[in-house]
Structures are given as C-alpha cells and as structure tokens.
$ cat start-v2.txt   # compact mmCIF, C-alpha atoms
# COMPACT_ATOMS: atom_id res chain seq x y z
CA MET A 882 -22.92 42.98 6.56
CA ASN A 883 -22.40 39.29 7.06
CA LEU A 884 -19.40 38.28 9.08
CA ARG A 885 -17.25 35.89 7.03
CA ARG A 886 -17.24 32.80 9.19
CA ASP A 887 -14.56 30.21 9.67
CA VAL A 888 -15.14 27.22 7.37
CA PHE A 889 -13.59 24.82 9.85
CA GLN A 890 -15.77 26.04 12.67
CA ALA A 891 -18.76 25.53 10.39
CA ILE A 892 -17.97 21.88 9.71
CA ALA A 893 -17.15 21.16 13.37
CA ASP A 894 -20.89 20.87 14.10
CA PRO A 895 -22.39 17.40 13.46
CA THR A 896 -25.77 18.73 12.24
CA ARG A 897 -24.03 20.99 9.75
CA ARG A 898 -21.89 18.10 8.52
CA ALA A 899 -25.07 16.03 8.07
CA ILE A 900 -26.66 18.90 6.11
CA LEU A 901 -23.61 19.08 3.84
CA LEU A 902 -23.81 15.33 3.19
CA LEU A 903 -27.50 15.58 2.32
CA VAL A 904 -27.08 18.53 -0.02
CA ALA A 905 -23.96 16.99 -1.59
CA ALA A 906 -26.14 14.11 -2.77
CA GLN A 907 -28.91 16.34 -4.09
CA SER A 908 -29.72 20.06 -4.05
CA MET A 909 -32.71 20.67 -1.76
CA THR A 910 -35.05 23.34 -0.40
CA ALA A 911 -34.78 24.44 3.24
CA GLY A 912 -38.02 22.59 4.00
CA ALA A 913 -36.78 19.32 2.51
CA ILE A 914 -33.53 19.62 4.46
CA ALA A 915 -35.33 20.35 7.74
CA ALA A 916 -37.59 17.31 7.21
CA ASN A 917 -34.51 15.11 7.69
CA PHE A 918 -33.86 16.37 11.22
CA ASP A 919 -35.72 16.22 14.53
CA THR A 920 -34.32 19.68 15.30
CA ALA A 921 -36.69 22.68 15.21
CA ARG A 922 -36.99 24.35 11.82
CA PRO A 923 -35.49 27.70 12.98
CA THR A 924 -32.41 25.81 14.23
CA VAL A 925 -31.97 24.19 10.82
CA SER A 926 -32.42 27.62 9.20
CA LYS A 927 -29.67 28.98 11.43
CA HIS A 928 -27.33 26.16 10.37
CA LEU A 929 -28.18 26.84 6.70
CA GLN A 930 -27.43 30.52 7.23
CA ILE A 931 -24.00 29.73 8.73
CA LEU A 932 -23.15 27.27 5.94
CA THR A 933 -24.19 29.87 3.34
CA GLU A 934 -22.24 32.68 5.03
CA CYS A 935 -19.05 30.69 4.95
CA GLU A 936 -19.77 29.76 1.34
CA LEU A 937 -20.06 26.02 1.80
CA LEU A 938 -23.63 26.22 0.48
CA GLU A 939 -25.10 28.39 -2.24
CA GLN A 940 -28.72 29.45 -2.64
CA ARG A 941 -30.36 29.44 -6.06
CA GLN A 942 -33.85 30.52 -6.96
CA ASN A 943 -35.65 27.81 -8.91
CA GLY A 944 -39.16 28.98 -9.77
CA ARG A 945 -40.80 29.89 -6.49
CA GLU A 946 -38.45 27.75 -4.41
CA VAL A 947 -34.97 28.46 -3.12
CA TYR A 948 -32.65 25.49 -3.44
CA TYR A 949 -29.42 24.92 -1.56
CA TYR A 950 -26.42 23.69 -3.53
CA ILE A 951 -22.98 22.54 -2.40
CA ASN A 952 -20.21 24.99 -3.20
CA ALA A 953 -17.63 22.56 -4.57
CA LYS A 954 -14.81 25.11 -4.40
CA SER A 955 -15.13 25.59 -0.63
CA MET A 956 -15.42 21.87 -0.05
CA LYS A 957 -12.10 21.45 -1.82
CA GLN A 958 -10.60 23.98 0.58
CA VAL A 959 -11.78 21.77 3.46
CA ALA A 960 -10.16 18.70 1.91
CA ASP A 961 -6.97 20.70 1.40
CA PHE A 962 -6.56 21.72 5.03
CA ILE A 963 -4.49 18.64 5.80
CA GLU A 964 -2.17 19.36 2.85
CA PRO A 965 0.42 21.46 4.77
CA PHE A 966 0.60 18.71 7.43
CA ARG A 967 1.03 16.10 4.71
CA LYS A 968 3.68 18.19 2.97
CA MET A 969 5.62 18.54 6.24
CA TRP A 970 5.75 14.74 6.72
CA ASP A 971 6.53 14.18 3.06
CA ASP A 972 9.48 16.60 3.31
CA ARG A 973 10.74 14.84 6.44
CA PHE A 974 10.42 11.41 4.85
CA ASN A 975 12.12 12.55 1.62
CA LEU A 976 14.98 13.75 3.77
CA LEU A 977 15.03 10.44 5.67
CA GLU A 978 15.21 8.57 2.36
CA THR A 979 18.08 10.74 1.10
CA ILE A 980 20.03 10.33 4.35
CA MET A 981 19.57 6.57 4.50
CA LYS A 982 20.48 6.05 0.84
CA ASN A 983 23.74 7.78 1.60
CA TYR A 984 24.08 5.70 4.77
CA THR A 985 24.09 2.55 2.61
CA ILE A 986 26.95 3.91 0.56
CA LYS A 987 28.91 4.76 3.70
CA GLU A 988 28.54 1.34 5.32
CA MET B 1146 4.56 16.23 -8.17
CA GLU B 1147 2.48 13.63 -6.40
CA LEU B 1148 3.44 13.34 -2.71
CA LYS B 1149 4.46 9.85 -1.65
CA THR B 1150 3.07 10.38 1.85
CA LYS B 1151 -0.63 9.64 2.38
CA ILE B 1152 -2.66 10.96 5.30
CA ASN B 1153 -5.99 9.48 6.24
CA ALA B 1154 -7.82 11.79 8.66
CA GLU B 1155 -11.50 10.95 8.72
CA ASP B 1156 -13.88 13.70 9.67
CA GLY B 1157 -14.81 13.75 13.36
CA LYS B 1158 -12.32 11.05 14.42
CA GLN B 1159 -9.59 11.60 17.02
CA GLU B 1160 -6.97 9.70 15.07
CA LEU B 1161 -5.19 9.70 11.75
CA THR B 1162 -2.81 7.51 9.80
CA ILE B 1163 0.31 8.52 7.91
CA THR B 1164 1.59 6.01 5.35
CA ARG B 1165 4.61 6.11 3.12
CA GLU B 1166 6.67 3.76 0.98
CA PHE B 1167 10.43 4.20 0.99
CA GLU B 1168 13.05 3.16 -1.53
CA LEU B 1169 15.01 1.71 1.37
CA PRO B 1170 15.46 -1.79 2.76
CA LEU B 1171 13.35 -2.33 5.90
CA ALA B 1172 16.39 -2.39 8.23
CA LEU B 1173 17.57 1.04 7.08
CA LEU B 1174 14.12 2.58 7.44
CA PHE B 1175 13.87 1.22 10.97
CA LYS B 1176 17.35 2.48 11.82
CA ALA B 1177 16.32 6.01 10.82
CA PHE B 1178 13.83 5.94 13.72
CA THR B 1179 16.12 4.56 16.40
CA GLU B 1180 19.51 6.30 15.96
CA PRO B 1181 19.51 9.74 17.63
CA GLU B 1182 21.98 11.31 15.19
CA ILE B 1183 19.87 10.20 12.20
CA VAL B 1184 16.51 11.23 13.74
CA GLU B 1185 18.06 14.63 14.40
CA GLN B 1186 18.79 15.11 10.71
CA TRP B 1187 15.45 14.27 9.16
CA MET B 1188 13.21 15.60 11.95
CA GLY B 1189 15.10 18.90 11.81
CA THR B 1190 15.39 19.13 15.58
CA LYS B 1191 18.07 18.53 18.16
CA VAL B 1192 17.68 15.18 19.92
CA LEU B 1193 18.60 15.70 23.58
CA LYS B 1194 17.83 12.12 24.46
CA LEU B 1195 16.53 9.02 22.68
CA GLU B 1196 16.54 5.65 24.37
CA CYS B 1197 14.82 3.46 21.83
CA LYS B 1198 13.72 0.61 24.09
CA LYS B 1199 10.86 -0.39 26.36
CA TYR B 1200 10.55 2.08 29.29
CA GLY B 1201 12.84 4.43 27.36
CA SER B 1202 12.09 8.07 26.62
CA TYR B 1203 13.11 10.89 24.31
CA GLN B 1204 13.41 14.67 24.22
CA PHE B 1205 13.60 16.96 21.19
CA GLU B 1206 14.54 20.62 21.20
CA THR B 1207 14.80 23.18 18.38
CA SER B 1208 16.40 26.61 18.72
CA ASP B 1209 16.35 29.55 16.31
CA SER B 1210 19.53 31.17 14.97
CA LYS B 1211 19.71 33.39 18.09
CA GLY B 1212 19.67 30.35 20.36
CA ASN B 1213 16.11 30.82 21.65
CA VAL B 1214 14.30 27.53 22.16
CA VAL B 1215 11.32 27.54 19.79
CA PHE B 1216 10.16 23.94 20.13
CA ARG B 1217 10.43 21.23 22.74
CA ALA B 1218 8.81 17.83 22.70
CA ASN B 1219 9.12 14.61 24.65
CA GLY B 1220 7.63 11.18 24.98
CA VAL B 1221 8.01 7.69 26.38
CA ILE B 1222 8.60 4.49 24.47
CA HIS B 1223 6.36 1.51 25.17
CA GLU B 1224 7.45 -1.04 22.63
CA VAL B 1225 10.35 -1.53 20.25
CA SER B 1226 10.21 -4.65 18.06
CA PRO B 1227 13.16 -4.44 15.68
CA ASN B 1228 12.16 -3.91 12.04
CA ARG B 1229 8.51 -4.24 12.98
CA LYS B 1230 7.01 -1.80 15.45
CA ILE B 1231 7.57 1.20 17.74
CA THR B 1232 4.87 2.36 20.14
CA ARG B 1233 5.49 5.72 21.80
CA THR B 1234 3.84 8.87 23.09
CA PHE B 1235 4.53 12.40 21.82
CA GLU B 1236 3.90 15.66 23.61
CA MET B 1237 4.76 19.15 22.47
CA GLU B 1238 5.78 21.18 25.50
CA ASN B 1239 4.06 24.50 26.29
CA ALA B 1240 1.39 23.75 23.70
CA PRO B 1241 -2.33 23.03 24.17
CA PHE B 1242 -2.44 19.85 22.08
CA GLY B 1243 -2.11 17.23 24.81
CA VAL B 1244 -0.36 13.89 24.49
CA GLN B 1245 -0.66 11.72 21.40
CA LEU B 1246 -0.11 7.99 21.06
CA GLU B 1247 1.91 6.92 18.03
CA ILE B 1248 2.00 3.34 16.76
CA CYS B 1249 4.61 3.04 14.00
CA GLU B 1250 4.56 -0.18 11.99
CA PHE B 1251 7.33 -1.08 9.59
CA GLU B 1252 6.93 -3.57 6.79
CA GLU B 1253 9.09 -4.97 4.02
CA VAL B 1254 7.62 -4.53 0.54
CA THR B 1255 10.51 -5.89 -1.53
CA GLU B 1256 14.18 -6.39 -0.70
CA GLY B 1257 14.92 -2.76 -1.45
CA THR B 1258 11.66 -1.09 -0.48
CA SER B 1259 9.71 -0.78 2.75
CA LYS B 1260 6.58 0.77 4.14
CA LEU B 1261 5.77 2.81 7.24
CA ASN B 1262 2.31 3.04 8.75
CA MET B 1263 1.96 5.56 11.59
CA HIS B 1264 -1.26 5.44 13.53
CA VAL B 1265 -1.62 8.59 15.66
CA ILE B 1266 -4.32 8.92 18.32
CA TYR B 1267 -5.06 12.31 19.90
CA GLU B 1268 -6.91 13.20 23.12
CA SER B 1269 -9.92 14.36 21.12
CA GLY B 1270 -11.04 15.05 17.57
CA GLU B 1271 -10.78 18.75 18.32
CA LYS B 1272 -7.13 18.46 19.40
CA ARG B 1273 -6.33 16.45 16.27
CA ASP B 1274 -7.80 19.16 14.06
CA GLN B 1275 -5.86 21.87 15.95
CA VAL B 1276 -2.63 20.01 15.27
CA LEU B 1277 -3.58 19.61 11.60
CA LYS B 1278 -4.15 23.36 11.31
CA LEU B 1279 -0.83 24.40 12.84
CA PRO B 1280 1.12 26.73 10.58
CA PHE B 1281 3.61 24.26 9.13
CA LYS B 1282 5.34 26.60 6.68
CA LYS B 1283 8.12 27.33 9.15
CA GLY B 1284 8.76 23.64 9.78
CA ILE B 1285 8.86 22.92 6.06
CA ASN B 1286 11.41 25.65 5.44
CA MET B 1287 13.51 24.33 8.30
CA ALA B 1288 13.46 20.87 6.73
CA HIS B 1289 14.53 22.32 3.37
CA ASN B 1290 17.37 24.21 5.00
CA ARG B 1291 18.47 21.04 6.76
CA LEU B 1292 18.45 19.17 3.46
CA GLN B 1293 20.68 21.81 1.91
CA ASP B 1294 23.04 21.66 4.90
CA ILE B 1295 23.30 17.90 4.70
CA VAL B 1296 23.77 17.80 0.94
CA SER B 1297 26.52 20.43 1.10
CA LYS B 1298 28.27 18.51 3.90
CA LEU B 1299 28.11 15.34 1.80
CA ASN B 1300 29.77 17.14 -1.09
CA VAL B 1301 32.54 18.43 1.13
CA GLY B 1302 33.14 14.92 2.43
CA ARG B 1303 33.81 13.51 -1.04
$ encode --input "start-v2.txt" --output "structure tokens"
Amino acid sequence: MNLRRDVFQAIADPTRRAILLLVAAQSMTAGAIAANFDTARPTVSKHLQILTECELLEQRQNGREVYYYINAKSMKQVADFIEPFRKMWDDRFNLLETIMKNYTIKE
Amino acid sequence: MELKTKINAEDGKQELTITREFELPLALLFKAFTEPEIVEQWMGTKVLKLECKKYGSYQFETSDSKGNVVFRANGVIHEVSPNRKITRTFEMENAPFGVQLEICEFEEVTEGTSKLNMHVIYESGEKRDQVLKLPFKKGINMAHNRLQDIVSKLNVGR
C-alpha cells in the first residue's frame, strides 16, 4: 500500500518543483525528465514516485513508453492553499471598510 | 463572489504581498490602522497597547468565552508616515513562526477610494508557508461574529 503523501511536502523540494514545471510544459518519459538533471537517475525516479503517490503526476502508458502527465486537479489544490489566508484578510478588510464608512457618518 | 483582497505569494520566497482597494478616503483607511479602538474591532482581538509612532510598540490579546487567552501577539513600530506608510514587526507569542516584518503602504486612488499594499517578510520560506497553512477557520468565524456584534450595536445606537 502506498502511503498518501503530503502535497505540500512534495512541492517543498526544489528538484520536484523543477520536475513539475518541466512536465507542466510537456508530458515526458522518466528518461527524458532525468536527462534534464545532473542528479542520478534513481534519485529522479524516487522524486517521480513521490510526485505520483501524492497525485501531482499521473502515469500513462503510450505504446511501449510510460509518460508522466501533470494532474491539473492536484495543482489547483496547491494554488488554493493560500485561499483561507486570503479569505481571513478579506473578511478583516471588509469589516474595516464597514466600520470606517460608519465612522464617516458619525464625524 | 470575487474577493477584493489579493495575495501574491510566490513559490519558494520568504515574503508575500497583500493588496486591497477600499471604498474609503485615504485618511480614513490610515486611521483604521492607528486608532487602538478601531484596530480592535476589525482585527477581532483586544488591543492592550498601540503606540502608533516611531519607537512605539503594540500588544494584541484574544480570549475565548471562558476568559482563557487563546492568542497573543506583539511588535514594534519603526516608521509612521501619516497617510503613507507604517513599518512594523509582528510576532505571535508561543508560536513557532518567528518574527515578521510588515511594510504597509497606503495610497490614494480617487478622492473616495484608497489602496493598501502590505509587504510581509518572514524569517524563511518555510515559516511563511507554515503561517499560510494555519487553520484560519476559527479566525474567520470570530471576524464574522464581531461583524454581527458591531452591526447590532450600530442598530441599537440609532
């Protein structure tokens, strides 16, 4: 059984972020991905495994080759992780606006 | 509904920016950051101290309904340029997030509208991301409750 890994931990690593950028531009085989890095091939394979386990990448058989694709749904989840923080500030600022509009009336 | 507040947090950086346009004249927006009794209302926390001037400092404290302190924060103020800029630090007490530097810039857009740009710098990219991942639900609910309190008080006053 594969342990479901933390998406945010996965993207904390610079090599894994670079892999995501590469694959986002074009789906690629493991060999083609590894050719972009000085890192040993097994290390790149390990990164690919982690990215696949946390569903940031998907594998698809294409003829005899396995291609890696970006999982757009998970990437959206990554973009959304600042949303609660943004919502908190937006709520505070809405409140500020309401209070100060009333302040004008009072003055 | 589209949120009016924009956050720019680039991957791997130790900083972020928060920007927002307000339907308020610049002077009123600035006042909301410098008057303790106003800050208290929109930040949803008690302001124990707020000296909005160079070498000044501030302390926030929030308690739950049973009176237990659930949040404390403090900071020092480095620069206050009226209607233009506030530079200050912010530190949550008893939390592992370190100190952050906040540069708040205020700008007039039109006579009745203004803009805030908050540039926040953390000790590291990791600390920034930890802060971003804090469970904010509780804080949001607190802000909503505050809004209801304030609105009901306003109605009573009229």
$ interface_residues --input "start-v2.txt" --of "chain A" --to "chain B" --cutoff "10 Å" --atoms "only C-alpha atoms" --output "count of residues only"
31
$ atom_distance --input "start-v2.txt" --atom1 "atom CA of A:Asn952" --atom2 "atom CA of A:Leu938"
5.2 Å
$ closest_residue --input "start-v2.txt" --among "B:Val1215, B:Val1254, B:Ala1172, B:Ile1266" --to "B:Met1237" --atoms "only C-alpha atoms"
B:Val1215
$ residues_near_point --input "start-v2.txt" --point "(1.9, -3.2, 8.7)" --cutoff "12 Å" --atoms "all atoms listed in the file" --output "list in words"
Thr1162, Ile1163, Thr1164, Arg1165, Glu1166, Leu1171, Asn1228, Arg1229, Lys1230, Ile1231, Ile1248, Cys1249, Glu1250, Phe1251, Glu1252, Glu1253, Val1254, Ser1259, Lys1260, Leu1261, Asn1262, Met1263 and His1264 of chain B
$ closest_residue --input "start-v2.txt" --among "B:Cys1197, B:Thr1232, B:Gln1245, B:Val1265" --to "B:Ala1218" --atoms "all atoms listed in the file"
B:Gln1245
$ atom_distance --input "start-v2.txt" --atom1 "atom CA of A:Cys935" --atom2 "atom CA of A:Thr896"
15.5 Å
$ atom_distance --input "start-v2.txt" --atom1 "atom CA of A:Arg941" --atom2 "atom CA of A:Gly912"
14.4 Å
$ closest_residue --input "start-v2.txt" --among "B:Phe1235, B:Val1244, B:Tyr1267, B:Glu1224" --to "B:Gln1204" --atoms "only C-alpha atoms"
B:Phe1235
$ axis_aligned_box --input "start-v2.txt" --around "stretch 1184-1187 of chain B" --padding-each-side "3 Å" --output "AutoDock Vina command-line options"
--center_x 17.1 --center_y 13.2 --center_z 11.8 --size_x 9.3 --size_y 9.9 --size_z 11.2
